[in-house]
$ cat data_31.cif   # mmCIF, C-alpha atoms and all ligand atoms
data_target
#
loop_
_atom_site.label_atom_id
_atom_site.label_comp_id
_atom_site.auth_asym_id
_atom_site.auth_seq_id
_atom_site.Cartn_x
_atom_site.Cartn_y
_atom_site.Cartn_z
CA MET A 149 15.45 7.89 -29.81
CA ALA A 150 14.61 7.40 -26.12
CA ASP A 151 13.37 10.96 -25.82
CA SER A 152 11.16 10.93 -28.90
CA LEU A 153 8.18 9.05 -27.40
CA PRO A 154 5.39 11.37 -26.24
CA LEU A 155 5.02 10.92 -22.47
CA PRO A 156 2.31 12.17 -20.13
CA VAL A 157 3.37 15.10 -17.96
CA GLY A 158 3.46 14.85 -14.19
CA ASN A 159 4.78 12.43 -11.64
CA VAL A 160 4.19 8.70 -11.54
CA ILE A 161 5.66 8.48 -8.05
CA ASP A 162 5.38 11.20 -5.46
CA LEU A 163 6.53 10.49 -1.90
CA GLU A 164 5.94 13.49 0.36
CA LYS A 165 7.81 13.61 3.67
CA VAL A 166 7.27 9.92 4.25
CA ARG A 167 8.21 8.24 7.50
CA VAL A 168 8.07 4.50 8.14
CA THR A 169 8.67 2.98 11.56
CA PHE A 170 8.54 -0.68 12.50
CA GLY A 171 8.22 -2.44 15.83
CA GLY A 172 6.97 -1.62 19.27
CA LYS A 173 9.50 -1.10 22.05
CA ASN A 174 12.61 -1.37 19.86
CA LYS A 175 11.41 0.92 17.12
CA VAL A 176 13.27 0.99 13.80
CA THR A 177 12.87 4.07 11.63
CA ALA A 178 13.17 2.48 8.19
CA LEU A 179 12.51 5.80 6.43
CA SER A 180 12.60 9.33 7.76
CA GLU A 181 11.18 12.48 6.08
CA THR A 182 11.72 11.02 2.61
CA SER A 183 10.49 12.86 -0.46
CA LEU A 184 10.95 11.48 -3.96
CA ARG A 185 9.35 12.54 -7.23
CA ILE A 186 9.66 10.43 -10.36
CA SER A 187 8.04 11.58 -13.60
CA HIS A 188 6.60 9.54 -16.47
CA GLY A 189 9.19 7.54 -18.38
CA GLU A 190 12.08 8.11 -15.96
CA PHE A 191 14.44 5.26 -15.02
CA VAL A 192 15.57 5.77 -11.43
CA ALA A 193 17.94 3.56 -9.42
CA LEU A 194 18.04 3.41 -5.62
CA VAL A 195 21.41 2.43 -4.18
CA GLY A 196 22.83 2.40 -0.68
CA PRO A 197 24.07 0.19 2.13
CA SER A 198 22.07 -2.74 3.42
CA GLY A 199 19.15 -1.69 5.60
CA CYS A 200 18.90 1.91 4.34
CA GLY A 201 15.27 1.54 3.23
CA LYS A 202 15.45 0.76 -0.50
CA SER A 203 12.97 -2.14 -0.37
CA THR A 204 10.78 -0.13 2.01
CA ILE A 205 10.37 2.51 -0.73
CA LEU A 206 9.47 -0.20 -3.28
CA LYS A 207 6.88 -1.66 -0.88
CA LEU A 208 5.33 1.76 -0.26
CA VAL A 209 5.01 2.37 -3.99
CA ALA A 210 3.67 -1.14 -4.64
CA GLY A 211 1.04 -0.51 -1.95
CA THR A 212 2.09 -3.49 0.20
CA LEU A 213 3.23 -1.26 3.07
CA ALA A 214 1.58 1.87 4.51
CA ALA A 215 3.55 4.96 5.50
CA THR A 216 3.54 5.83 9.20
CA GLU A 217 3.50 9.53 8.24
CA GLY A 218 3.45 11.47 4.98
CA ASN A 219 1.81 10.77 1.62
CA VAL A 220 2.48 8.27 -1.13
CA PHE A 221 0.97 9.06 -4.52
CA VAL A 222 1.27 6.73 -7.49
CA ALA A 223 0.01 8.01 -10.85
CA GLY A 224 -1.56 10.98 -9.10
CA ARG A 225 -3.67 8.95 -6.66
CA GLU A 226 -3.03 7.97 -3.10
CA VAL A 227 -1.54 4.52 -3.40
CA ASP A 228 -3.79 1.47 -3.51
CA ALA A 229 -3.81 -1.76 -5.48
CA GLU A 230 -5.75 -0.27 -8.42
CA SER A 231 -3.99 3.09 -8.68
CA ALA A 232 -1.51 2.20 -11.42
CA ARG A 233 -0.65 -0.71 -13.64
CA ILE A 234 2.48 -2.05 -11.99
CA GLY A 235 4.95 -4.72 -13.13
CA MET A 236 7.44 -6.26 -10.72
CA ALA A 237 10.57 -8.42 -10.90
CA PHE A 238 12.72 -9.65 -8.03
CA GLN A 239 16.13 -11.24 -7.46
CA ASN A 240 14.39 -14.61 -7.23
CA PRO A 241 12.51 -15.17 -10.52
CA THR A 242 9.34 -16.28 -8.58
CA LEU A 243 7.88 -18.19 -11.54
CA LEU A 244 5.09 -20.59 -10.54
CA PRO A 245 6.60 -24.10 -10.82
CA TRP A 246 3.35 -25.82 -11.85
CA LEU A 247 2.84 -23.54 -14.89
CA ASN A 248 4.84 -23.58 -18.09
CA VAL A 249 6.76 -20.47 -19.15
CA ARG A 250 3.97 -19.25 -21.47
CA ASP A 251 1.32 -19.46 -18.74
CA ASN A 252 3.64 -17.82 -16.21
CA VAL A 253 4.27 -14.88 -18.54
CA MET A 254 0.55 -14.67 -19.38
CA MET A 255 -0.48 -14.47 -15.71
CA PRO A 256 -0.78 -10.64 -15.49
CA LEU A 257 -3.13 -10.70 -18.51
CA LYS A 258 -5.36 -13.05 -16.51
CA ILE A 259 -5.53 -10.91 -13.38
CA VAL A 260 -4.88 -7.26 -14.33
CA PRO A 261 -7.55 -4.95 -15.77
CA PRO A 262 -8.37 -4.21 -18.56
CA PHE A 263 -6.83 -7.43 -19.93
CA LYS A 264 -8.53 -9.84 -17.56
CA LYS A 265 -12.07 -9.29 -18.85
CA GLU A 266 -11.09 -10.66 -22.28
CA PHE A 267 -8.75 -13.35 -21.02
CA SER A 268 -10.95 -16.37 -21.84
CA ARG A 269 -11.55 -15.11 -25.38
CA LYS A 270 -7.98 -14.08 -26.19
CA LYS A 271 -5.77 -16.51 -24.27
CA ARG A 272 -5.32 -18.82 -27.24
CA GLY A 273 -5.08 -16.04 -29.82
CA GLU A 274 -3.96 -12.46 -29.29
CA TYR A 275 -2.61 -12.94 -25.77
CA ARG A 276 -0.68 -16.06 -26.76
CA ASP A 277 0.88 -14.18 -29.71
CA ARG A 278 1.77 -11.34 -27.36
CA VAL A 279 3.54 -13.76 -24.99
CA GLU A 280 5.38 -15.52 -27.85
CA ALA A 281 6.59 -12.15 -29.21
CA SER A 282 7.74 -11.13 -25.74
CA LEU A 283 9.64 -14.41 -25.21
CA ALA A 284 11.29 -14.03 -28.62
CA ARG A 285 12.28 -10.46 -27.67
CA VAL A 286 14.39 -11.77 -24.74
CA GLY A 287 15.86 -14.77 -26.58
CA LEU A 288 13.36 -17.37 -25.32
CA ALA A 289 11.59 -18.18 -28.59
CA GLY A 290 10.37 -21.78 -28.49
CA PHE A 291 10.62 -22.11 -24.68
CA GLY A 292 6.94 -21.39 -23.91
CA ASP A 293 6.12 -25.06 -23.26
CA LYS A 294 9.01 -25.59 -20.83
CA PHE A 295 8.55 -25.48 -17.08
CA PRO A 296 10.64 -23.11 -14.94
CA TRP A 297 12.76 -25.97 -13.56
CA GLN A 298 13.81 -26.84 -17.12
CA LEU A 299 15.42 -23.39 -17.55
CA SER A 300 18.69 -21.91 -16.28
CA GLY A 301 18.58 -19.06 -13.74
CA GLY A 302 19.28 -16.51 -16.48
CA MET A 303 16.48 -17.91 -18.66
CA GLN A 304 14.06 -17.82 -15.73
CA GLN A 305 14.98 -14.21 -15.10
CA ARG A 306 14.35 -13.38 -18.78
CA ALA A 307 10.90 -14.96 -18.44
CA SER A 308 10.31 -12.92 -15.27
CA LEU A 309 11.08 -9.73 -17.17
CA CYS A 310 8.56 -10.77 -19.84
CA ARG A 311 5.97 -11.36 -17.12
CA ALA A 312 6.72 -7.99 -15.53
CA LEU A 313 6.21 -6.19 -18.86
CA ILE A 314 3.52 -8.23 -20.64
CA HIS A 315 0.65 -5.94 -19.52
CA ASP A 316 2.49 -2.74 -20.55
CA PRO A 317 2.82 -1.44 -16.99
CA THR A 318 3.00 2.29 -16.36
CA LEU A 319 5.39 1.54 -13.55
CA LEU A 320 8.01 -1.18 -13.31
CA LEU A 321 9.43 -2.02 -9.87
CA LEU A 322 12.68 -3.99 -9.97
CA ASP A 323 14.24 -5.34 -6.76
CA GLU A 324 17.75 -6.55 -7.67
CA PRO A 325 16.43 -8.60 -10.60
CA PHE A 326 19.90 -9.29 -12.00
CA GLY A 327 21.66 -9.80 -8.64
CA ALA A 328 21.90 -13.59 -8.73
CA LEU A 329 23.19 -13.89 -12.31
CA ASP A 330 26.72 -14.32 -13.63
CA GLN A 331 28.36 -11.18 -15.01
CA PHE A 332 27.85 -11.96 -18.70
CA THR A 333 24.19 -12.94 -18.37
CA ARG A 334 23.66 -9.84 -16.24
CA GLU A 335 25.18 -7.57 -18.87
CA GLU A 336 23.12 -9.22 -21.58
CA LEU A 337 19.95 -8.60 -19.57
CA TRP A 338 20.95 -4.96 -18.94
CA GLU A 339 21.07 -4.53 -22.69
CA ILE A 340 17.65 -6.16 -23.14
CA MET A 341 16.21 -4.12 -20.26
CA GLN A 342 17.53 -0.90 -21.74
CA GLN A 343 16.05 -1.73 -25.17
CA LEU A 344 12.67 -2.59 -23.66
CA TRP A 345 12.70 0.69 -21.73
CA ILE A 346 13.59 2.67 -24.87
CA GLU A 347 10.78 0.97 -26.82
CA LYS A 348 8.02 1.19 -24.21
CA ARG A 349 9.22 3.90 -21.80
CA PRO A 350 7.68 2.59 -18.59
CA THR A 351 8.64 4.49 -15.46
CA VAL A 352 11.18 2.27 -13.71
CA LEU A 353 12.32 2.18 -10.09
CA LEU A 354 15.29 -0.18 -9.71
CA VAL A 355 16.86 -1.24 -6.42
CA THR A 356 20.39 -2.50 -6.87
CA HIS A 357 23.69 -2.99 -5.06
CA ASP A 358 25.55 -2.88 -8.36
CA LEU A 359 26.72 0.67 -9.13
CA LYS A 360 27.75 -0.23 -12.67
CA GLU A 361 24.23 -1.55 -13.26
CA ALA A 362 22.72 1.65 -11.85
CA ALA A 363 24.93 3.87 -14.03
CA TYR A 364 24.33 1.76 -17.16
CA LEU A 365 20.54 1.58 -16.82
CA ALA A 366 19.31 4.60 -14.91
CA GLY A 367 18.80 8.21 -15.89
CA ARG A 368 18.89 9.23 -12.24
CA ILE A 369 20.50 7.63 -9.20
CA CYS A 370 19.39 8.18 -5.60
CA VAL A 371 21.85 7.23 -2.88
CA MET A 372 20.35 6.30 0.49
CA GLN A 373 21.72 6.20 4.01
CA ALA A 374 20.41 4.27 7.02
CA ARG A 375 19.60 5.07 10.65
CA PRO A 376 17.34 6.65 9.81
CA GLY A 377 16.80 5.67 6.17
CA ARG A 378 16.76 8.64 3.78
CA ILE A 379 17.92 9.85 0.38
CA VAL A 380 21.21 11.74 0.67
CA ASP A 381 22.13 12.21 -2.98
CA ASP A 382 19.99 12.44 -6.13
CA SER A 383 21.87 12.91 -9.39
CA GLU A 384 21.36 12.63 -13.14
CA VAL A 385 23.31 10.10 -15.20
CA PRO A 386 24.53 12.09 -18.22
CA PHE A 387 25.36 9.30 -20.71
CA ALA A 388 23.45 9.18 -24.03
CA ARG A 389 21.38 6.13 -24.92
CA PRO A 390 21.51 3.47 -26.07
CA ARG A 391 24.43 2.78 -23.76
CA THR A 392 26.84 -0.06 -24.37
CA ILE A 393 28.97 -2.10 -21.99
CA GLU A 394 32.00 -0.34 -23.53
CA ILE A 395 30.94 2.98 -21.98
CA SER A 396 31.37 1.41 -18.56
CA PHE A 397 35.14 1.42 -19.18
CA GLN A 398 35.25 5.12 -20.06
CA PRO A 399 36.71 7.57 -17.54
CA GLU A 400 33.45 9.54 -17.04
CA PHE A 401 31.55 6.35 -16.25
CA VAL A 402 34.26 5.04 -13.93
CA SER A 403 34.45 8.36 -12.09
CA LEU A 404 30.65 8.39 -11.64
CA THR A 405 30.65 4.90 -10.11
CA GLN A 406 33.63 5.85 -7.94
CA ARG A 407 31.82 8.95 -6.68
CA LEU A 408 28.74 6.84 -5.87
CA ARG A 409 30.92 4.29 -4.13
CA GLU A 410 32.53 6.97 -1.97
CA ARG A 411 29.08 8.33 -1.09
CA ILE A 412 27.97 4.86 0.02
CA VAL A 413 31.18 4.22 1.98
CA ALA A 414 30.55 7.53 3.80
CA ALA A 415 26.90 6.54 4.39
CA ARG A 416 28.01 3.21 5.86
CA ALA A 417 30.50 4.94 8.15
CA VAL A 418 27.76 7.24 9.52
CA GLN A 419 25.55 4.16 9.95
CA GLU A 420 28.23 2.27 11.92
CA ASP A 421 28.84 5.29 14.18
CA ALA A 422 25.11 5.35 14.95
CA THR A 423 25.04 1.70 16.15
N1 LIG B 501 8.81 -5.84 8.67
C1 LIG B 501 9.82 -5.25 9.31
N2 LIG B 501 9.87 -5.22 10.67
C2 LIG B 501 10.87 -4.61 11.33
N3 LIG B 501 11.89 -3.97 10.72
C3 LIG B 501 11.90 -3.95 9.38
C4 LIG B 501 10.88 -4.60 8.60
N4 LIG B 501 11.16 -4.42 7.29
C5 LIG B 501 12.30 -3.71 7.24
N5 LIG B 501 12.75 -3.43 8.49
C6 LIG B 501 13.93 -2.65 8.84
O1 LIG B 501 13.86 -1.42 8.13
C7 LIG B 501 15.15 -1.04 7.66
C8 LIG B 501 15.09 -0.86 6.15
O2 LIG B 501 14.88 -2.13 5.54
P1 LIG B 501 14.89 -2.35 3.95
O3 LIG B 501 14.57 -3.79 3.72
O4 LIG B 501 14.03 -1.33 3.31
O5 LIG B 501 16.40 -2.04 3.61
P2 LIG B 501 17.20 -2.28 2.22
O6 LIG B 501 17.94 -1.03 1.96
O7 LIG B 501 16.26 -2.75 1.17
O8 LIG B 501 18.21 -3.44 2.64
P3 LIG B 501 18.95 -4.56 1.72
O9 LIG B 501 19.84 -3.80 0.79
O10 LIG B 501 19.72 -5.35 2.72
O11 LIG B 501 17.87 -5.35 1.03
C9 LIG B 501 16.12 -2.12 8.13
O12 LIG B 501 16.72 -1.69 9.34
C10 LIG B 501 15.23 -3.31 8.36
O13 LIG B 501 15.77 -4.16 9.36
#
$ encode --input "data_31.cif" --output "structure tokens"
Amino acid sequence: MADSLPLPVGNVIDLEKVRVTFGGKNKVTALSETSLRISHGEFVALVGPSGCGKSTILKLVAGTLAATEGNVFVAGREVDAESARIGMAFQNPTLLPWLNVRDNVMMPLKIVPPFKKEFSRKKRGEYRDRVEASLARVGLAGFGDKFPWQLSGGMQQRASLCRALIHDPTLLLLDEPFGALDQFTREELWEIMQQLWIEKRPTVLLVTHDLKEAAYLAGRICVMQARPGRIVDDSEVPFARPRTIEISFQPEFVSLTQRLRERIVAARAVQEDAT
């Protein structure tokens, strides 16, 4: 099912020998000689010890940080704010407290082309229906009039996912969006995320510390190492979709997460030796 949607050929993300350094005298090399290609419709997870450069990669792709050396292409163009339609979700739901849930979710339709030019005309009709359908899709039917502070953390995160996807982004950047949730809410949202990905097939780049999450959601997992930050392992996740929580108890799944864990433990050891 997931493979049946026709997808454009080519890469959505193409990092070519990228280097990022911060600071003056006490320079930190956040990323060194990093190359990463992600094609249309892929779901890639970045994992690795703290400080290895995962968020730096997300910022490069989002266009909020410039590479010190190397090239960053998004959707075939050198990265800039207009180069691709991007959706983002973070560990903190970042909903605007003065707007109700409906208006929060509708925000990208107000500011992102081509939706924004018809916003005034469609905000009470087509766009509103689109938001209501999206809220219903994540179990928030009837919550559009509530304000963020009237929702639980898990409900706010569901609304954030709706906001990240409402404008059908080509590229979805997720920075630990399920990290602050309890295990059961997290697993429920993995299931929703997987279904949304199967239905719409955005290209997804997910940063996570949770190896089970990476192996459940991603088709490819890149392990990073710090000092300097780089990708040291890039492997396919072989499990068929749709995946269920039950597969996470199967020996192949457990051995994959164990192998990733060992890779990260080794990466941390190298990191500690370098300090
Ligand atoms: N603005 C900045 N100025 C100086 N150093 C920075 C800056 N941003 C990041 N760094 C450094 O770059 C390195 C990579 O940081 P980054 O946030 O990408 O790591 P990360 O893998 O996302 O970490 P975590 O898992 O803890 O979120 C770290 O050593 C960090 O201290």
$ residues_near_ligand --input "data_31.cif" --ligand "ligand LIG 501 (chain B)" --cutoff "7 Å" --atoms "all atoms listed in the file" --output "PyMOL selection string"
chain A and resi 170-171+176-178+196-205+377
$ closest_residue --input "data_31.cif" --among "A:Ala417, A:Gly327, A:Ala289, A:Pro262" --to "Arg375 of chain A" --atoms "all atoms listed in the file"
A:Ala417
$ closest_residue --input "data_31.cif" --among "A:Lys165, A:Arg411, A:Arg250, A:His357" --to "Asp277 of chain A" --atoms "only C-alpha atoms"
A:Arg250
$ atom_distance --input "data_31.cif" --atom1 "atom CA of Asp323 of chain A" --atom2 "atom CA of Val355 of chain A"
4.9 Å
$ atom_distance --input "data_31.cif" --atom1 "atom CA of Ala232 of chain A" --atom2 "atom CA of Thr351 of chain A"
11.2 Å
$ residues_around --input "data_31.cif" --residues "Ile259 of chain A" --least-positions-apart "5" --cutoff "12 Å" --atoms "only C-alpha atoms" --output "number ranges by chain"
A: 230, 233, 252-254, 264-268, 314-315
$ residues_near_point --input "data_31.cif" --point "(9.5, -10.3, -8.1)" --cutoff "12 Å" --atoms "all atoms listed in the file" --output "MDAnalysis selection string"
chainID A and resid 203 206:207 210 234:244 304:305 307:313 320:326 354:355
$ closest_residue --input "data_31.cif" --among "A:Gln343, A:Pro376, A:Gly224, A:Ser396" --to "Lys175 of chain A" --atoms "all atoms listed in the file"
A:Pro376
$ atom_distance --input "data_31.cif" --atom1 "atom CA of Ser183 of chain A" --atom2 "atom CA of Arg391 of chain A"
29.0 Å
$ closest_residue --input "data_31.cif" --among "A:Ala415, A:Leu344, A:Ile395, A:Ala328" --to "Val286 of chain A" --atoms "only C-alpha atoms"
A:Leu344
$ closest_residue --input "data_31.cif" --among "A:Val209, A:Val279, A:Ile369, A:Ala214" --to "Thr169 of chain A" --atoms "only C-alpha atoms"
A:Ala214
$ residues_around --input "data_31.cif" --residues "Gly189 of chain A" --least-positions-apart "6" --cutoff "8 Å" --atoms "all atoms listed in the file" --output "mmCIF file with C-alpha atoms, keeping the file's coordinate frame"
data_model
loop_
_atom_site.group_PDB
_atom_site.id
_atom_site.type_symbol
_atom_site.label_atom_id
_atom_site.label_comp_id
_atom_site.auth_asym_id
_atom_site.auth_seq_id
_atom_site.Cartn_x
_atom_site.Cartn_y
_atom_site.Cartn_z
ATOM 1 C CA LEU A 155 5.020 10.920 -22.470
ATOM 2 C CA ARG A 349 9.220 3.900 -21.800
ATOM 3 C CA PRO A 350 7.680 2.590 -18.590
ATOM 4 C CA THR A 351 8.640 4.490 -15.460
ATOM 5 C CA VAL A 352 11.180 2.270 -13.710
#
$ closest_residue --input "data_31.cif" --among "A:Trp297, A:Phe291, A:Phe263, A:Phe221" --to "Trp246 of chain A" --atoms "all atoms listed in the file"
A:Trp297
$ residues_around --input "data_31.cif" --residues "Ile393 of chain A" --least-positions-apart "6" --cutoff "10 Å" --atoms "all atoms listed in the file" --output "ChimeraX atom specification"
/A:335-336,338-339,360-361,364
$ residues_near_point --input "data_31.cif" --point "(18.5, 10.5, 4.3)" --cutoff "9 Å" --atoms "all atoms listed in the file" --output "VMD selection string"
chain A and resid 179 to 182 200 371 to 381
$ build_atoms --input "data_31.cif" --residues "segment 367-380 of chain A" --atoms "N, CA and C atoms" --output "PDB file, in the coordinates of the input"
ATOM      1  N   GLY A 367      18.599   6.823 -15.489  1.00  0.00           N
ATOM      2  CA  GLY A 367      18.800   8.210 -15.890  1.00  0.00           C
ATOM      3  C   GLY A 367      19.050   9.072 -14.665  1.00  0.00           C
ATOM      4  N   ARG A 368      18.745   8.502 -13.501  1.00  0.00           N
ATOM      5  CA  ARG A 368      18.890   9.230 -12.240  1.00  0.00           C
ATOM      6  C   ARG A 368      19.207   8.214 -11.151  1.00  0.00           C
ATOM      7  N   ILE A 369      20.147   8.562 -10.267  1.00  0.00           N
ATOM      8  CA  ILE A 369      20.500   7.630  -9.200  1.00  0.00           C
ATOM      9  C   ILE A 369      20.326   8.316  -7.845  1.00  0.00           C
ATOM     10  N   CYS A 370      19.569   7.666  -6.959  1.00  0.00           N
ATOM     11  CA  CYS A 370      19.390   8.180  -5.600  1.00  0.00           C
ATOM     12  C   CYS A 370      20.186   7.313  -4.644  1.00  0.00           C
ATOM     13  N   VAL A 371      21.064   7.955  -3.876  1.00  0.00           N
ATOM     14  CA  VAL A 371      21.850   7.230  -2.880  1.00  0.00           C
ATOM     15  C   VAL A 371      21.153   7.386  -1.530  1.00  0.00           C
ATOM     16  N   MET A 372      21.015   6.261  -0.819  1.00  0.00           N
ATOM     17  CA  MET A 372      20.350   6.300   0.490  1.00  0.00           C
ATOM     18  C   MET A 372      21.315   6.006   1.622  1.00  0.00           C
ATOM     19  N   GLN A 373      20.917   6.433   2.795  1.00  0.00           N
ATOM     20  CA  GLN A 373      21.720   6.200   4.010  1.00  0.00           C
ATOM     21  C   GLN A 373      20.765   5.708   5.089  1.00  0.00           C
ATOM     22  N   ALA A 374      21.273   4.845   5.989  1.00  0.00           N
ATOM     23  CA  ALA A 374      20.410   4.270   7.020  1.00  0.00           C
ATOM     24  C   ALA A 374      20.490   5.028   8.336  1.00  0.00           C
ATOM     25  N   ARG A 375      19.624   4.617   9.244  1.00  0.00           N
ATOM     26  CA  ARG A 375      19.600   5.070  10.650  1.00  0.00           C
ATOM     27  C   ARG A 375      19.568   6.580  10.820  1.00  0.00           C
ATOM     28  N   PRO A 376      18.491   7.219  10.473  1.00  0.00           N
ATOM     29  CA  PRO A 376      17.340   6.650   9.810  1.00  0.00           C
ATOM     30  C   PRO A 376      17.488   6.651   8.300  1.00  0.00           C
ATOM     31  N   GLY A 377      16.719   5.775   7.625  1.00  0.00           N
ATOM     32  CA  GLY A 377      16.800   5.670   6.170  1.00  0.00           C
ATOM     33  C   GLY A 377      16.355   6.960   5.493  1.00  0.00           C
ATOM     34  N   ARG A 378      17.135   7.434   4.534  1.00  0.00           N
ATOM     35  CA  ARG A 378      16.760   8.640   3.780  1.00  0.00           C
ATOM     36  C   ARG A 378      17.599   8.753   2.526  1.00  0.00           C
ATOM     37  N   ILE A 379      17.165   9.629   1.611  1.00  0.00           N
ATOM     38  CA  ILE A 379      17.920   9.850   0.380  1.00  0.00           C
ATOM     39  C   ILE A 379      18.911  10.979   0.630  1.00  0.00           C
ATOM     40  N   VAL A 380      20.199  10.709   0.386  1.00  0.00           N
ATOM     41  CA  VAL A 380      21.210  11.740   0.670  1.00  0.00           C
ATOM     42  C   VAL A 380      21.854  12.291  -0.602  1.00  0.00           C
TER      43      VAL A 380
END
